[in-house]
Each structure stands twice: as structure tokens, then as C-alpha cells.
Amino acid sequence: RVDQAAFTAQLSAGLHNIHATYYGPNPTELTGHPADEWGFAIQGGLQLKNLPTGPGDKLSISAIYSDGAPKYVIGGTTGNSFAAFGGGADPGFYQGFANGALLDGVYASPGGSIETTKVWAVQGGYEHNWSPEWQTSVYGAYVHVDYNDNASAILRGSLPAGFLLAGSIYDPDFNIWQIGTRTAWTPVKNLTFSGELLYTALETPSTGGVVA
């Protein structure tokens, strides 16, 4: 990390050990398990300060790439699965449906090795100080989750028979878009009131329908 009057720059990285359970529907030590894999993540960030738009204003950008360590990008202590639904006239069906599972890796049983999941993201934000008491920020992010061909085939094979309707396509890759804004008021030191709006969109290339 480098801190200067005009900017702050940071580079960070992490390692993650992926340890799978035993093979089979009735796993035991006798069935064995895949060899461990090592996942990693690397992130770079830059914050520009002393902007011409006003004192205290900041512009921040960052990018992160992970292989076998998706929680360095999203998730962490929060949920690791995401879903989006749309309404329909028939209560038994949805007009839209999106679902994303965030996994360190995928393997087939028996004998398969771990296929690691690749995730990358870009993020950015700008903060403007209207006065010493009022600040407004806008920010956004894009995340892409990529399962390779082998992992996608394993996940498709794990679906129950007849789950997908004829002509449907299941692709476990997905994207997340986010854009938001926050306004904060600090009337006195160490006391801040704030309001925030955040819009999140989940995209998946899966098409068609499923059997409820």
C-alpha cells in the first residue's frame, strides 16, 4: 500500500485451500476424495484525492481476479447463493427466474478432480463533499462468475431427471451488476445519519423453464 497526498494505491493477494468431501452418495474414507487444490485471488486498487471537484472528494477504482477463491470477490460471511424471480399471471409459474451458485470448485464422483471456479470483478465509486457536514457518493460494480466446460457439465449432470423442460438450457455462469448512491449528514463529530439506495441485477445465460 502506498499513501500519498494525491492518491492511495494498494495491491493485495490471498491463498485458499480447497478441501473436498469424500466421493459418492454414501461417502466414507474408503471411497476416497479429490486431491486438494489451491485457490488464489489478487486485487489492485487506486484512489485519487485532491480532485478539482472540491476538497475531500475521492475517486476510487479496483479490480480483482480469483481462481478457486470466489469469496474473496463476493460472499464471505454473507450468503453464497443468489436468486431473482419475476411475477406472472399463473401463480404456478414465473415470467423470469435466475439462480446462481457460488462454489470454490466442482468435481464428479467417483475419481474426479476439482474444477476451480473463476470470478473477476471491477468496482468504482466517487464521493463528493457538498460541505463539511454533507457528502454524497455514487458507486457501481460488475462481477462475472465462470465455471469451465467440465464444471458446467458436472453441474448439469447433477440436476434431477426431468427437471429441465424440453428445449431449456442450464448454464451455471452468472453476472451481477450493482449501482448505488449514498448521502450522509454529520451534524456533529462522531454522529452521522445516512440514506442509501442500491440496485442489483443478476444475469444468467440459462434459458427455458424448469419443473416446479
# chains A, B, ... in the order shown; residues from 1 in each chain; ligands from 1

$ residues_around --residues "Tyr147 in chain A" --least-positions-apart "4" --cutoff "7 Å" --atoms "only C-alpha atoms" --output "PyMOL selection string"
chain A and resi 117-118+151-152+172-173

$ write_last_selection --atoms "C-alpha atoms" --output "PDB file, in the first residue's frame"
ATOM      1  CA  THR A 117     -14.305 -21.557 -10.298  1.00  0.00           C
ATOM      2  CA  LYS A 118     -13.002 -18.308 -11.758  1.00  0.00           C
ATOM      3  CA  ALA A 151     -17.596 -27.941 -14.222  1.00  0.00           C
ATOM      4  CA  SER A 152     -20.671 -26.849 -16.202  1.00  0.00           C
ATOM      5  CA  PRO A 172     -24.230 -22.097 -14.214  1.00  0.00           C
ATOM      6  CA  ASP A 173     -22.249 -18.968 -15.163  1.00  0.00           C
TER       7      ASP A 173
END

$ residues_around --residues "Gly54 in chain A" --least-positions-apart "4" --cutoff "9 Å" --atoms "only C-alpha atoms" --output "list in words"
Asn50, His128, Asn129 and Trp130 of chain A

$ residues_around --residues "Phe193 in chain A" --least-positions-apart "2" --cutoff "10 Å" --atoms "only C-alpha atoms" --output "list in words"
Trp134, Thr183, Ala184, Trp185, Thr186, Pro187, Leu191 and Gly195 of chain A

$ atom_distance --atom1 "CA of Phe7 in chain A" --atom2 "CA of Gly45 in chain A"
10.5 Å

$ select_by_dssp --residues "range 6-210 of chain A" --states "helix (DSSP H, G or I)" --output "ChimeraX atom specification"
/A:29-31,70-72,149-157

$ closest_residue --among "A:Glu196, A:Asp149, A:Ala35, A:Glu127" --to "Gly111 in chain A" --atoms "only C-alpha atoms"
A:Ala35

$ residues_around --residues "Ala13 in chain A" --least-positions-apart "2" --cutoff "7 Å" --atoms "only C-alpha atoms" --output "compact mmCIF listing (two decimals) with N, CA and C atoms, in the first residue's frame"
# COMPACT_ATOMS: atom_id res chain seq x y z
N ALA A 41 -6.49 -15.27 -5.07
CA ALA A 41 -7.12 -14.03 -5.52
C ALA A 41 -6.09 -12.93 -5.47
N ILE A 42 -6.20 -12.00 -6.43
CA ILE A 42 -5.31 -10.84 -6.46
C ILE A 42 -6.13 -9.61 -6.81
N GLN A 43 -5.87 -8.52 -6.11
CA GLN A 43 -6.66 -7.30 -6.27
C GLN A 43 -5.75 -6.08 -6.30

$ closest_residue --among "A:Gly125, A:Gly14, A:Gly24, A:Gly105" --to "Gln178 in chain A" --atoms "only C-alpha atoms"
A:Gly125

$ atom_distance --atom1 "CA of Gly209 in chain A" --atom2 "CA of Leu155 in chain A"
16.7 Å

$ closest_residue --among "A:Ile61, A:Leu159, A:Val143, A:Leu51" --to "Leu202 in chain A" --atoms "only C-alpha atoms"
A:Val143

$ decode --residues "range 16-144 of chain A" --atoms "C-alpha atoms" --output "short mmCIF file (atom, residue, chain, number, x, y, z; two decimals), in the first residue's frame"
data_model
loop_
_atom_site.label_atom_id
_atom_site.label_comp_id
_atom_site.auth_asym_id
_atom_site.auth_seq_id
_atom_site.Cartn_x
_atom_site.Cartn_y
_atom_site.Cartn_z
CA HIS A 16 -7.27 -20.52 -0.22
CA ASN A 17 -7.08 -24.28 0.29
CA ILE A 18 -9.94 -26.24 -1.32
CA HIS A 19 -10.58 -29.50 0.54
CA ALA A 20 -13.42 -31.66 -0.76
CA THR A 21 -15.56 -34.28 0.97
CA TYR A 22 -15.44 -37.97 0.12
CA TYR A 23 -16.79 -39.35 -3.14
CA GLY A 24 -20.17 -40.98 -3.54
CA PRO A 25 -23.74 -40.70 -2.31
CA ASN A 26 -22.66 -42.59 0.83
CA PRO A 27 -19.21 -41.07 1.42
CA THR A 28 -16.69 -42.76 3.72
CA GLU A 29 -12.92 -42.87 3.99
CA LEU A 30 -12.98 -45.95 1.75
CA THR A 31 -14.45 -44.02 -1.19
CA GLY A 32 -11.59 -41.53 -1.23
CA HIS A 33 -11.78 -37.87 -2.24
CA PRO A 34 -10.22 -35.48 -4.76
CA ALA A 35 -6.78 -34.09 -4.11
CA ASP A 36 -6.72 -30.65 -2.53
CA GLU A 37 -6.40 -27.63 -4.79
CA TRP A 38 -5.11 -24.16 -4.02
CA GLY A 39 -7.19 -21.17 -4.96
CA PHE A 40 -5.96 -17.60 -5.09
CA ALA A 41 -7.12 -14.03 -5.52
CA ILE A 42 -5.31 -10.84 -6.46
CA GLN A 43 -6.66 -7.30 -6.27
CA GLY A 44 -5.42 -3.86 -7.23
CA GLY A 45 -6.98 -0.56 -6.20
CA LEU A 46 -6.40 3.14 -6.76
CA GLN A 47 -7.98 6.13 -5.01
CA LEU A 48 -7.48 9.64 -6.38
CA LYS A 49 -7.69 12.54 -3.91
CA ASN A 50 -7.46 16.34 -4.10
CA LEU A 51 -9.83 16.35 -7.07
CA PRO A 52 -10.76 19.63 -8.77
CA THR A 53 -14.45 19.00 -7.96
CA GLY A 54 -13.96 20.01 -4.32
CA PRO A 55 -11.99 19.49 -1.11
CA GLY A 56 -12.20 15.97 0.26
CA ASP A 57 -13.64 14.50 -2.96
CA LYS A 58 -12.40 11.00 -3.87
CA LEU A 59 -12.50 8.73 -6.93
CA SER A 60 -11.85 5.02 -6.26
CA ILE A 61 -11.44 2.11 -8.68
CA SER A 62 -10.42 -1.51 -8.11
CA ALA A 63 -10.25 -4.82 -9.94
CA ILE A 64 -9.98 -8.35 -8.56
CA TYR A 65 -9.46 -11.79 -10.08
CA SER A 66 -9.83 -15.11 -8.30
CA ASP A 67 -9.42 -18.77 -9.24
CA GLY A 68 -10.83 -21.24 -6.73
CA ALA A 69 -11.37 -18.50 -4.14
CA PRO A 70 -14.64 -16.72 -5.04
CA LYS A 71 -15.33 -15.49 -1.50
CA TYR A 72 -12.51 -13.01 -1.90
CA VAL A 73 -14.74 -11.35 -4.50
CA ILE A 74 -18.28 -11.89 -3.21
CA GLY A 75 -19.89 -13.82 -0.38
CA GLY A 76 -17.55 -14.05 2.56
CA THR A 77 -19.68 -14.05 5.69
CA THR A 78 -22.82 -13.37 3.62
CA GLY A 79 -24.86 -15.84 1.60
CA ASN A 80 -23.19 -17.57 -1.32
CA SER A 81 -26.25 -18.24 -3.49
CA PHE A 82 -28.31 -15.69 -5.37
CA ALA A 83 -31.77 -15.81 -6.93
CA ALA A 84 -34.05 -13.47 -8.84
CA PHE A 85 -37.71 -14.08 -9.70
CA GLY A 86 -40.36 -12.34 -11.78
CA GLY A 87 -44.14 -12.28 -11.36
CA GLY A 88 -46.68 -13.96 -13.62
CA ALA A 89 -50.41 -14.28 -14.05
CA ASP A 90 -50.31 -18.01 -13.33
CA PRO A 91 -49.32 -18.50 -9.66
CA GLY A 92 -47.60 -21.77 -10.58
CA PHE A 93 -45.04 -20.16 -12.88
CA TYR A 94 -42.63 -17.24 -13.06
CA GLN A 95 -42.12 -14.99 -16.05
CA GLY A 96 -38.45 -14.72 -15.10
CA PHE A 97 -36.11 -16.79 -13.00
CA ALA A 98 -32.38 -16.52 -12.32
CA ASN A 99 -30.27 -18.53 -9.93
CA GLY A 100 -26.55 -18.54 -9.19
CA ALA A 101 -24.49 -20.87 -7.02
CA LEU A 102 -21.08 -19.69 -5.83
CA LEU A 103 -18.71 -22.64 -5.35
CA ASP A 104 -14.95 -22.85 -4.82
CA GLY A 105 -14.85 -25.78 -7.23
CA VAL A 106 -16.81 -28.69 -8.67
CA TYR A 107 -15.89 -32.37 -9.01
CA ALA A 108 -17.51 -35.54 -10.33
CA SER A 109 -17.81 -38.71 -8.31
CA PRO A 110 -16.03 -41.06 -8.32
CA GLY A 111 -12.48 -40.19 -9.28
CA GLY A 112 -12.94 -36.63 -10.49
CA SER A 113 -10.56 -33.80 -9.69
CA ILE A 114 -11.65 -30.36 -8.53
CA GLU A 115 -12.50 -27.91 -11.32
CA THR A 116 -11.91 -24.47 -9.80
CA THR A 117 -14.31 -21.56 -10.30
CA LYS A 118 -13.00 -18.31 -11.76
CA VAL A 119 -14.52 -15.00 -10.64
CA TRP A 120 -13.50 -11.46 -11.53
CA ALA A 121 -14.93 -8.05 -10.72
CA VAL A 122 -14.44 -4.34 -11.30
CA GLN A 123 -15.66 -1.70 -8.85
CA GLY A 124 -15.68 2.06 -8.73
CA GLY A 125 -17.02 4.94 -6.68
CA TYR A 126 -16.98 8.73 -6.40
CA GLU A 127 -17.58 10.79 -3.26
CA HIS A 128 -18.42 14.50 -3.32
CA ASN A 129 -18.40 16.74 -0.25
CA TRP A 130 -21.08 19.42 -0.53
CA SER A 131 -19.94 20.85 2.79
CA PRO A 132 -18.10 19.59 5.87
CA GLU A 133 -21.44 18.13 7.03
CA TRP A 134 -22.87 16.69 3.77
CA GLN A 135 -21.40 14.04 1.46
CA THR A 136 -22.86 12.12 -1.47
CA SER A 137 -21.31 9.10 -3.15
CA VAL A 138 -22.18 7.05 -6.23
CA TYR A 139 -20.71 3.62 -6.86
CA GLY A 140 -21.05 0.55 -9.05
CA ALA A 141 -19.68 -2.94 -9.59
CA TYR A 142 -19.70 -5.75 -12.13
CA VAL A 143 -18.96 -9.38 -11.21
CA HIS A 144 -18.59 -12.38 -13.54
#
